[in-house]
$ cat final11.tsv   # TSV, C-alpha atoms
chain	number	residue	atom	x	y	z
A	1	MET	CA	224.21	82.15	93.21
A	2	LYS	CA	224.97	81.37	96.81
A	3	LEU	CA	228.77	81.53	96.44
A	4	LEU	CA	228.56	85.12	95.16
A	5	GLU	CA	225.90	86.21	97.68
A	6	ASP	CA	228.00	84.84	100.53
A	7	ARG	CA	231.04	86.67	99.22
A	8	ILE	CA	229.11	89.95	98.92
A	9	ARG	CA	227.85	89.54	102.50
A	10	ARG	CA	231.36	88.82	103.74
A	11	ASP	CA	233.44	91.32	101.74
A	12	GLY	CA	231.00	93.83	100.26
A	13	VAL	CA	230.71	97.25	101.88
A	14	VAL	CA	227.53	99.30	101.72
A	15	ALA	CA	228.36	102.97	101.34
A	16	PRO	CA	226.07	106.01	101.45
A	17	GLY	CA	224.17	106.77	98.23
A	18	GLN	CA	223.24	103.12	97.59
A	19	VAL	CA	226.80	102.30	96.59
A	20	LEU	CA	227.98	98.71	97.08
A	21	LYS	CA	231.75	98.40	97.14
A	22	VAL	CA	232.97	95.03	95.97
A	23	ASP	CA	236.39	96.19	94.89
A	24	SER	CA	238.12	93.59	97.05
A	25	PHE	CA	237.02	90.74	94.77
A	26	LEU	CA	235.04	91.96	91.74
A	27	ASN	CA	236.11	95.22	90.13
A	28	HIS	CA	239.53	96.34	91.33
A	29	GLN	CA	241.05	93.30	92.93
A	30	MET	CA	239.52	90.37	91.06
A	31	ASP	CA	239.06	86.86	92.45
A	32	VAL	CA	239.51	84.88	89.27
A	33	GLU	CA	238.56	81.57	90.93
A	34	LEU	CA	235.20	83.12	91.85
A	35	PHE	CA	234.90	84.41	88.26
A	36	TRP	CA	235.43	80.85	87.03
A	37	ALA	CA	232.52	79.61	89.14
A	38	MET	CA	230.43	82.52	87.87
A	39	GLY	CA	231.33	81.62	84.28
A	40	GLN	CA	230.19	78.06	84.87
A	41	GLU	CA	226.93	79.34	86.33
A	42	PHE	CA	226.35	81.54	83.25
A	43	LYS	CA	227.06	78.47	81.11
A	44	ARG	CA	224.35	76.56	82.99
A	45	LEU	CA	221.87	79.44	82.90
A	46	PHE	CA	222.28	80.04	79.16
A	47	ALA	CA	222.59	76.38	78.19
A	48	GLY	CA	221.14	75.78	74.75
A	49	ALA	CA	221.61	79.35	73.52
A	50	PRO	CA	223.85	79.33	70.42
A	51	ILE	CA	226.31	81.84	71.89
A	52	ASN	CA	229.41	82.44	69.74
A	53	LYS	CA	230.65	85.70	71.26
A	54	ILE	CA	230.67	87.54	74.58
A	55	VAL	CA	230.38	91.32	74.55
A	56	THR	CA	231.19	93.51	77.55
A	57	ILE	CA	232.22	97.07	78.33
A	58	GLU	CA	235.50	98.36	79.69
A	59	ALA	CA	236.91	98.24	82.24
A	60	SER	CA	235.38	96.22	85.05
A	61	GLY	CA	233.34	93.90	82.83
A	62	ILE	CA	236.40	92.59	81.01
A	63	GLY	CA	237.70	90.20	83.65
A	64	ILE	CA	234.38	88.46	84.22
A	65	ALA	CA	233.74	88.34	80.47
A	66	CYS	CA	237.13	86.81	79.68
A	67	ILE	CA	236.83	84.08	82.27
A	68	ALA	CA	233.25	83.34	81.15
A	69	ALA	CA	234.57	83.21	77.58
A	70	ALA	CA	237.14	80.61	78.63
A	71	VAL	CA	234.26	78.52	80.00
A	72	PHE	CA	232.13	79.07	76.84
A	73	HIS	CA	235.11	78.70	74.43
A	74	VAL	CA	234.17	81.86	72.54
A	75	PRO	CA	235.95	85.20	71.95
A	76	VAL	CA	235.18	88.44	73.80
A	77	VAL	CA	234.67	91.89	72.32
A	78	PHE	CA	234.75	94.77	74.76
A	79	ALA	CA	233.09	98.09	73.99
A	80	LYS	CA	235.57	100.92	74.32
A	81	LYS	CA	234.77	104.14	76.13
A	82	SER	CA	236.77	106.66	74.12
A	83	GLN	CA	238.07	107.06	70.62
A	84	THR	CA	241.65	105.85	70.35
A	85	LYS	CA	244.11	105.35	67.53
A	86	ASN	CA	243.26	101.67	67.66
A	87	ILE	CA	239.64	101.78	66.51
A	88	ASP	CA	239.22	102.13	62.79
A	89	GLY	CA	237.09	104.62	60.96
A	90	ASN	CA	233.47	104.24	61.65
A	91	PRO	CA	232.61	102.08	64.67
A	92	TYR	CA	229.15	101.33	66.03
A	93	GLN	CA	228.74	104.02	68.67
A	94	VAL	CA	226.19	104.99	71.34
A	95	THR	CA	226.03	107.39	74.27
A	96	VAL	CA	225.72	105.96	77.78
A	97	GLU	CA	225.12	107.64	81.12
A	98	SER	CA	227.21	106.25	83.96
A	99	PHE	CA	225.84	105.77	87.46
A	100	THR	CA	229.29	105.24	88.96
A	101	HIS	CA	230.99	108.18	87.31
A	102	GLY	CA	228.02	110.54	87.09
A	103	ARG	CA	228.64	111.53	83.48
A	104	GLN	CA	227.91	110.62	79.88
A	105	TYR	CA	230.38	108.86	77.61
A	106	GLN	CA	230.59	107.31	74.18
A	107	VAL	CA	230.96	103.55	73.83
A	108	MET	CA	231.96	101.94	70.59
A	109	ILE	CA	232.69	98.63	68.92
A	110	SER	CA	234.46	98.22	65.60
A	111	ARG	CA	232.21	97.06	62.77
A	112	LYS	CA	234.68	94.26	62.10
A	113	TYR	CA	233.96	92.42	65.33
A	114	LEU	CA	230.16	92.36	65.42
A	115	THR	CA	228.18	91.05	62.47
A	116	SER	CA	224.75	89.65	61.72
A	117	ALA	CA	226.23	86.16	62.15
A	118	ASP	CA	226.91	86.76	65.85
A	119	HIS	CA	224.86	85.37	68.74
A	120	VAL	CA	225.93	87.41	71.70
A	121	LEU	CA	225.95	86.96	75.45
A	122	LEU	CA	226.32	90.36	77.12
A	123	ILE	CA	228.27	90.36	80.40
A	124	ASP	CA	228.74	93.09	82.96
A	125	ASP	CA	229.75	93.30	86.60
A	126	PHE	CA	226.88	95.53	87.74
A	127	MET	CA	223.40	96.47	86.63
A	128	ALA	CA	221.76	99.45	88.33
A	129	ASN	CA	219.85	101.77	86.02
A	130	GLY	CA	220.72	99.51	83.09
A	131	LYS	CA	222.13	102.27	80.89
A	132	ALA	CA	225.39	100.47	80.11
A	133	MET	CA	223.54	97.25	79.30
A	134	ALA	CA	221.02	99.13	77.13
A	135	GLY	CA	223.97	100.68	75.29
A	136	LEU	CA	225.51	97.27	74.65
A	137	ILE	CA	222.16	95.97	73.36
A	138	GLN	CA	221.96	98.93	70.97
A	139	LEU	CA	225.47	98.24	69.68
A	140	VAL	CA	224.65	94.57	69.07
A	141	GLN	CA	221.41	95.49	67.30
A	142	MET	CA	223.16	98.11	65.14
A	143	ALA	CA	225.34	95.25	63.88
A	144	GLY	CA	222.29	93.09	63.12
A	145	ALA	CA	223.59	90.51	65.61
A	146	THR	CA	221.36	88.55	68.00
A	147	VAL	CA	221.29	89.17	71.76
A	148	GLU	CA	221.04	85.69	73.30
A	149	GLY	CA	221.04	87.06	76.81
A	150	ALA	CA	222.57	89.30	79.43
A	151	GLY	CA	224.61	87.89	82.30
A	152	VAL	CA	225.19	90.19	85.25
A	153	ALA	CA	227.19	89.56	88.40
A	154	ILE	CA	225.31	91.93	90.72
A	155	GLU	CA	221.95	93.52	89.97
A	156	LYS	CA	220.63	96.31	92.16
A	157	GLY	CA	217.06	95.06	92.20
A	158	PHE	CA	215.80	98.31	93.73
A	159	GLN	CA	216.94	100.26	90.67
A	160	PRO	CA	215.05	100.09	87.39
A	161	GLY	CA	217.66	98.59	85.05
A	162	GLY	CA	216.86	94.90	85.41
A	163	ASP	CA	213.13	95.35	84.84
A	164	ALA	CA	213.74	97.68	81.91
A	165	ILE	CA	216.05	95.25	80.16
A	166	ARG	CA	213.72	92.29	80.84
A	167	ARG	CA	210.78	94.28	79.41
A	168	MET	CA	212.78	94.53	76.18
A	169	GLY	CA	212.43	90.74	75.95
A	170	ILE	CA	216.06	90.09	76.85
A	171	HIS	CA	216.89	86.94	78.84
A	172	VAL	CA	218.62	88.47	81.88
A	173	GLU	CA	220.38	86.35	84.48
A	174	SER	CA	221.85	88.15	87.48
A	175	LEU	CA	223.91	85.96	89.81
A	176	ALA	CA	223.00	88.10	92.83
A	177	ILE	CA	220.05	90.49	93.03
A	178	ILE	CA	220.12	92.98	95.86
A	179	GLU	CA	216.64	93.80	97.14
A	180	SER	CA	217.81	96.39	99.63
A	181	MET	CA	220.90	97.49	101.47
A	182	ASN	CA	221.53	99.75	104.42
A	183	ALA	CA	224.64	101.88	104.70
A	184	GLU	CA	224.14	102.40	108.44
A	185	THR	CA	223.79	98.76	109.47
A	186	GLY	CA	225.68	97.27	106.51
A	187	GLU	CA	222.80	94.86	105.98
A	188	ILE	CA	222.29	93.49	102.47
A	189	ILE	CA	219.08	91.65	101.57
A	190	PHE	CA	219.07	89.52	98.43
A	191	LYS	CA	216.07	88.61	96.36
A	192	GLU	CA	215.12	85.01	97.14
A	193	ASN	CA	216.64	82.40	94.90
A	194	ARG	CA	214.36	81.84	91.98
B	195	MET	CA	256.21	82.43	71.41
B	196	LYS	CA	255.58	81.03	67.97
B	197	LEU	CA	251.80	80.80	68.34
B	198	LEU	CA	251.57	84.54	69.08
B	199	GLU	CA	254.11	85.55	66.41
B	200	ASP	CA	252.22	83.52	63.81
B	201	ARG	CA	248.97	85.19	64.86
B	202	ILE	CA	250.51	88.66	64.66
B	203	ARG	CA	251.85	87.86	61.17
B	204	ARG	CA	248.44	86.58	60.08
B	205	ASP	CA	246.06	89.08	61.70
B	206	GLY	CA	248.19	92.05	62.78
B	207	VAL	CA	248.08	95.19	60.67
B	208	VAL	CA	251.00	97.59	60.49
B	209	ALA	CA	249.76	101.18	60.33
B	210	PRO	CA	251.68	104.39	59.77
B	211	GLY	CA	253.44	105.84	62.81
B	212	GLN	CA	254.80	102.46	63.96
B	213	VAL	CA	251.34	101.40	65.11
B	214	LEU	CA	250.60	97.67	65.18
B	215	LYS	CA	246.89	96.91	65.19
B	216	VAL	CA	246.07	93.64	66.86
B	217	ASP	CA	242.51	94.53	67.77
B	218	SER	CA	241.12	91.44	66.04
B	219	PHE	CA	242.54	89.12	68.71
B	220	LEU	CA	244.33	91.00	71.50
B	221	ASN	CA	242.88	94.31	72.64
B	222	HIS	CA	239.35	94.84	71.31
B	223	GLN	CA	238.21	91.43	70.19
B	224	MET	CA	240.06	89.01	72.46
B	225	ASP	CA	240.93	85.41	71.59
B	226	VAL	CA	240.69	83.90	75.03
B	227	GLU	CA	242.02	80.51	73.87
B	228	LEU	CA	245.19	82.28	72.70
B	229	PHE	CA	245.31	84.11	76.05
B	230	TRP	CA	245.19	80.74	77.80
B	231	ALA	CA	248.24	79.54	75.87
B	232	MET	CA	249.96	82.85	76.69
B	233	GLY	CA	249.15	82.39	80.38
B	234	GLN	CA	250.70	78.93	80.31
B	235	GLU	CA	253.80	80.35	78.65
B	236	PHE	CA	254.09	83.03	81.36
B	237	LYS	CA	253.74	80.26	83.94
B	238	ARG	CA	256.66	78.41	82.32
B	239	LEU	CA	258.79	81.54	81.97
B	240	PHE	CA	258.27	82.63	85.59
B	241	ALA	CA	258.38	79.13	87.09
B	242	GLY	CA	259.86	79.24	90.57
B	243	ALA	CA	258.98	82.87	91.28
B	244	PRO	CA	256.71	83.04	94.36
B	245	ILE	CA	254.01	85.00	92.55
B	246	ASN	CA	250.84	85.55	94.62
B	247	LYS	CA	249.25	88.39	92.65
B	248	ILE	CA	249.04	89.70	89.09
B	249	VAL	CA	248.88	93.45	88.56
B	250	THR	CA	247.85	95.07	85.28
B	251	ILE	CA	246.42	98.32	83.98
B	252	GLU	CA	243.03	99.00	82.49
B	253	ALA	CA	241.66	98.34	79.99
B	254	SER	CA	243.42	96.10	77.50
B	255	GLY	CA	245.71	94.41	80.00
B	256	ILE	CA	242.82	93.04	82.04
B	257	GLY	CA	241.82	90.15	79.79
B	258	ILE	CA	245.34	88.74	79.45
B	259	ALA	CA	245.95	89.26	83.16
B	260	CYS	CA	242.74	87.47	84.21
B	261	ILE	CA	243.40	84.43	82.04
B	262	ALA	CA	247.02	84.30	83.24
B	263	ALA	CA	245.68	84.55	86.80
B	264	ALA	CA	243.45	81.54	86.16
B	265	VAL	CA	246.57	79.62	85.09
B	266	PHE	CA	248.58	80.87	88.11
B	267	HIS	CA	245.66	80.52	90.56
B	268	VAL	CA	246.20	84.02	91.97
B	269	PRO	CA	244.04	87.17	92.07
B	270	VAL	CA	244.44	90.18	89.77
B	271	VAL	CA	244.54	93.84	90.71
B	272	PHE	CA	244.14	96.30	87.89
B	273	ALA	CA	245.40	99.87	88.14
B	274	LYS	CA	242.61	102.34	87.42
B	275	LYS	CA	243.08	105.30	85.16
B	276	SER	CA	240.85	107.88	86.82
B	277	GLN	CA	239.45	108.64	90.23
B	278	THR	CA	236.03	107.07	90.67
B	279	LYS	CA	233.56	106.74	93.54
B	280	ASN	CA	234.81	103.19	93.97
B	281	ILE	CA	238.37	103.86	95.09
B	282	ASP	CA	238.73	104.80	98.71
B	283	GLY	CA	240.57	107.72	100.14
B	284	ASN	CA	244.22	107.70	99.45
B	285	PRO	CA	245.32	105.21	96.77
B	286	TYR	CA	248.86	104.67	95.49
B	287	GLN	CA	248.99	106.96	92.50
B	288	VAL	CA	251.43	107.82	89.69
B	289	THR	CA	251.33	109.78	86.44
B	290	VAL	CA	251.82	107.88	83.18
B	291	GLU	CA	252.26	109.11	79.63
B	292	SER	CA	250.35	107.07	77.04
B	293	PHE	CA	251.83	106.23	73.65
B	294	THR	CA	248.47	105.08	72.27
B	295	HIS	CA	246.42	108.02	73.49
B	296	GLY	CA	249.11	110.70	73.33
B	297	ARG	CA	248.33	112.17	76.74
B	298	GLN	CA	249.10	111.91	80.44
B	299	TYR	CA	246.86	110.23	82.97
B	300	GLN	CA	246.81	109.18	86.58
B	301	VAL	CA	246.88	105.50	87.48
B	302	MET	CA	246.06	104.28	90.94
B	303	ILE	CA	245.69	101.19	93.07
B	304	SER	CA	243.95	101.07	96.43
B	305	ARG	CA	246.30	100.61	99.38
B	306	LYS	CA	244.16	97.69	100.48
B	307	TYR	CA	245.13	95.48	97.54
B	308	LEU	CA	248.90	95.85	97.44
B	309	THR	CA	250.99	95.23	100.53
B	310	SER	CA	254.57	94.36	101.45
B	311	ALA	CA	253.52	90.70	101.54
B	312	ASP	CA	252.79	90.66	97.80
B	313	HIS	CA	255.01	89.10	95.13
B	314	VAL	CA	253.72	90.55	91.91
B	315	LEU	CA	253.79	89.56	88.27
B	316	LEU	CA	253.03	92.61	86.13
B	317	ILE	CA	251.14	91.90	82.91
B	318	ASP	CA	250.37	94.14	79.95
B	319	ASP	CA	249.39	93.68	76.34
B	320	PHE	CA	252.00	96.05	74.86
B	321	MET	CA	255.31	97.54	75.79
B	322	ALA	CA	256.60	100.41	73.66
B	323	ASN	CA	258.23	103.24	75.57
B	324	GLY	CA	257.58	101.35	78.82
B	325	LYS	CA	255.85	104.22	80.60
B	326	ALA	CA	252.81	102.20	81.67
B	327	MET	CA	255.03	99.37	82.93
B	328	ALA	CA	257.28	101.83	84.78
B	329	GLY	CA	254.15	103.28	86.39
B	330	LEU	CA	253.03	99.84	87.54
B	331	ILE	CA	256.50	99.15	88.97
B	332	GLN	CA	256.33	102.42	90.90
B	333	LEU	CA	252.91	101.53	92.31
B	334	VAL	CA	254.15	98.11	93.45
B	335	GLN	CA	257.24	99.65	95.03
B	336	MET	CA	255.18	102.34	96.80
B	337	ALA	CA	253.34	99.47	98.49
B	338	GLY	CA	256.60	97.82	99.52
B	339	ALA	CA	255.64	94.77	97.46
B	340	THR	CA	258.11	92.75	95.37
B	341	VAL	CA	258.13	92.81	91.56
B	342	GLU	CA	258.79	89.20	90.55
B	343	GLY	CA	258.66	90.03	86.86
B	344	ALA	CA	256.89	91.67	83.95
B	345	GLY	CA	255.07	89.61	81.34
B	346	VAL	CA	254.24	91.38	78.10
B	347	ALA	CA	252.38	90.05	75.09
B	348	ILE	CA	253.99	92.25	72.43
B	349	GLU	CA	257.13	94.32	72.91
B	350	LYS	CA	258.13	96.88	70.32
B	351	GLY	CA	261.82	96.06	70.44
B	352	PHE	CA	262.70	99.16	68.41
B	353	GLN	CA	261.33	101.42	71.17
B	354	PRO	CA	263.21	101.96	74.43
B	355	GLY	CA	260.74	100.51	76.99
B	356	GLY	CA	261.98	96.94	77.15
B	357	ASP	CA	265.62	97.89	77.63
B	358	ALA	CA	264.72	100.56	80.19
B	359	ILE	CA	262.69	98.14	82.31
B	360	ARG	CA	265.36	95.41	82.03
B	361	ARG	CA	268.03	97.91	83.13
B	362	MET	CA	265.99	98.41	86.30
B	363	GLY	CA	266.79	94.76	87.08
B	364	ILE	CA	263.27	93.57	86.34
B	365	HIS	CA	262.83	90.10	84.84
B	366	VAL	CA	260.94	90.94	81.64
B	367	GLU	CA	259.45	88.27	79.39
B	368	SER	CA	257.83	89.42	76.16
B	369	LEU	CA	256.06	86.70	74.20
B	370	ALA	CA	256.74	88.46	70.90
B	371	ILE	CA	259.39	91.11	70.34
B	372	ILE	CA	259.08	93.13	67.15
B	373	GLU	CA	262.43	94.14	65.73
B	374	SER	CA	260.98	96.17	62.89
B	375	MET	CA	257.79	96.63	60.94
B	376	ASN	CA	256.93	98.32	57.69
B	377	ALA	CA	253.58	100.01	57.13
B	378	GLU	CA	254.03	100.01	53.34
B	379	THR	CA	254.81	96.32	52.86
B	380	GLY	CA	253.11	95.08	56.04
B	381	GLU	CA	256.25	93.13	56.88
B	382	ILE	CA	256.89	92.37	60.56
B	383	ILE	CA	260.28	91.07	61.70
B	384	PHE	CA	260.50	89.47	65.11
B	385	LYS	CA	263.57	89.24	67.27
B	386	GLU	CA	264.96	85.70	67.02
B	387	ASN	CA	263.72	83.28	69.62
B	388	ARG	CA	266.09	83.36	72.53

$ encode --input "final11.tsv" --output "structure tokens"
Amino acid sequence: MKLLEDRIRRDGVVAPGQVLKVDSFLNHQMDVELFWAMGQEFKRLFAGAPINKIVTIEASGIGIACIAAAVFHVPVVFAKKSQTKNIDGNPYQVTVESFTHGRQYQVMISRKYLTSADHVLLIDDFMANGKAMAGLIQLVQMAGATVEGAGVAIEKGFQPGGDAIRRMGIHVESLAIIESMNAETGEIIFKENR
Amino acid sequence: MKLLEDRIRRDGVVAPGQVLKVDSFLNHQMDVELFWAMGQEFKRLFAGAPINKIVTIEASGIGIACIAAAVFHVPVVFAKKSQTKNIDGNPYQVTVESFTHGRQYQVMISRKYLTSADHVLLIDDFMANGKAMAGLIQLVQMAGATVEGAGVAIEKGFQPGGDAIRRMGIHVESLAIIESMNAETGEIIFKENR
């Protein structure tokens, strides 16, 4: 998606350790007008899929998921990262390893909000090693729901997540796929538009 | 806001300990169409205020804030609850006590995304003792930005937060204010529409 690639080139910052900072528009400050365009692009890319729910993971997936949900006219469920008073009894629960935070955590979704009747579009801001996305897929499958696809804002194409999720037979659409990036020069190379 | 009050009456669950569960439409599963109507109501209630940014706190405020931001045509900044690789150096930072989680945590916003030029609408899903909202106000004031108001989905009117924030001179608009609720009968009484 050219609009997103241009924005990453303009405002993204490549940091050491293959970290791409996009906190000026994607995951701390959030450019909701850009999110709207991204939601419309997801709508185009998943046209025809009988999506009735969007599932994401807190915290930085929520904004993109909610705006996409406004475009799709479906509700969102976000997977929560820690047990709180507000999740009942016995949620669907998996363990996920975080690239950003360098630790493991539990993610969970209440049984009430994912059922075998659901056709789910998964949304997240980033895909690197794909662990968060794999966790969301597991949660959806535990509920007997159908994964209609996975929509990602930025995929780190040089990390194994995208390929791993695609090998599972999931329809993955990443709006920008980074082929390589260089913290010294700041250069970001995107995979050619498919 | 009658639409929200009706929804709380229909789908909200009163639990012991003055807990109101609205996770079927507000803070786990999220009814984005309802959020859109809430965003329009905030727009009406804060008409005339020169709002150029919405600030919220992760995680459950983000969805409401992003949809409101789409209505207002402004960006969102969400306060983060723990230090991650993705926040630079020396963010604005305060300590907040959580009613829901029963513990203290740090919330922070990067200096880059709040400046003295900003006129901020604060948004959150709940206000009970007002600690999260007070923390957001502190962060905005540390940046020298202007608080134009605080928009809350559900205020627990029998807890001190709303009054405390209003006494600070902040323009608070809560779309539903609960006067009392009863975990045994499930009854919820709202403050009369003003």

$ closest_residue --input "final11.tsv" --among "B:Pro269, B:Pro244, B:Pro210, B:Gly324" --to "Met30 in chain A" --atoms "all atoms listed in the file"
B:Pro269

$ residues_around --input "final11.tsv" --residues "range 255-261 of chain B" --least-positions-apart "2" --cutoff "9 Å" --atoms "only C-alpha atoms" --output "JSON, numbers by chain"
{"A": [30, 32, 59, 60, 62, 63, 64, 65, 66, 67, 70], "B": [220, 221, 224, 226, 229, 230, 232, 233, 248, 249, 250, 251, 252, 253, 263, 264, 265, 266, 269, 270, 271, 272, 316, 317, 318, 319, 320, 347]}

$ atom_distance --input "final11.tsv" --atom1 "CA of Tyr299 in chain B" --atom2 "CA of Gly211 in chain B"
21.7 Å

$ axis_aligned_box --input "final11.tsv" --around "range 48-66 of chain A" --padding-each-side "8 Å" --output "JSON"
{"center_x": 229.4, "center_y": 87.1, "center_z": 77.4, "size_x": 32.6, "size_y": 38.6, "size_z": 31.3}

$ atom_distance --input "final11.tsv" --atom1 "CA of Gly283 in chain B" --atom2 "CA of Ala128 in chain A"
23.7 Å
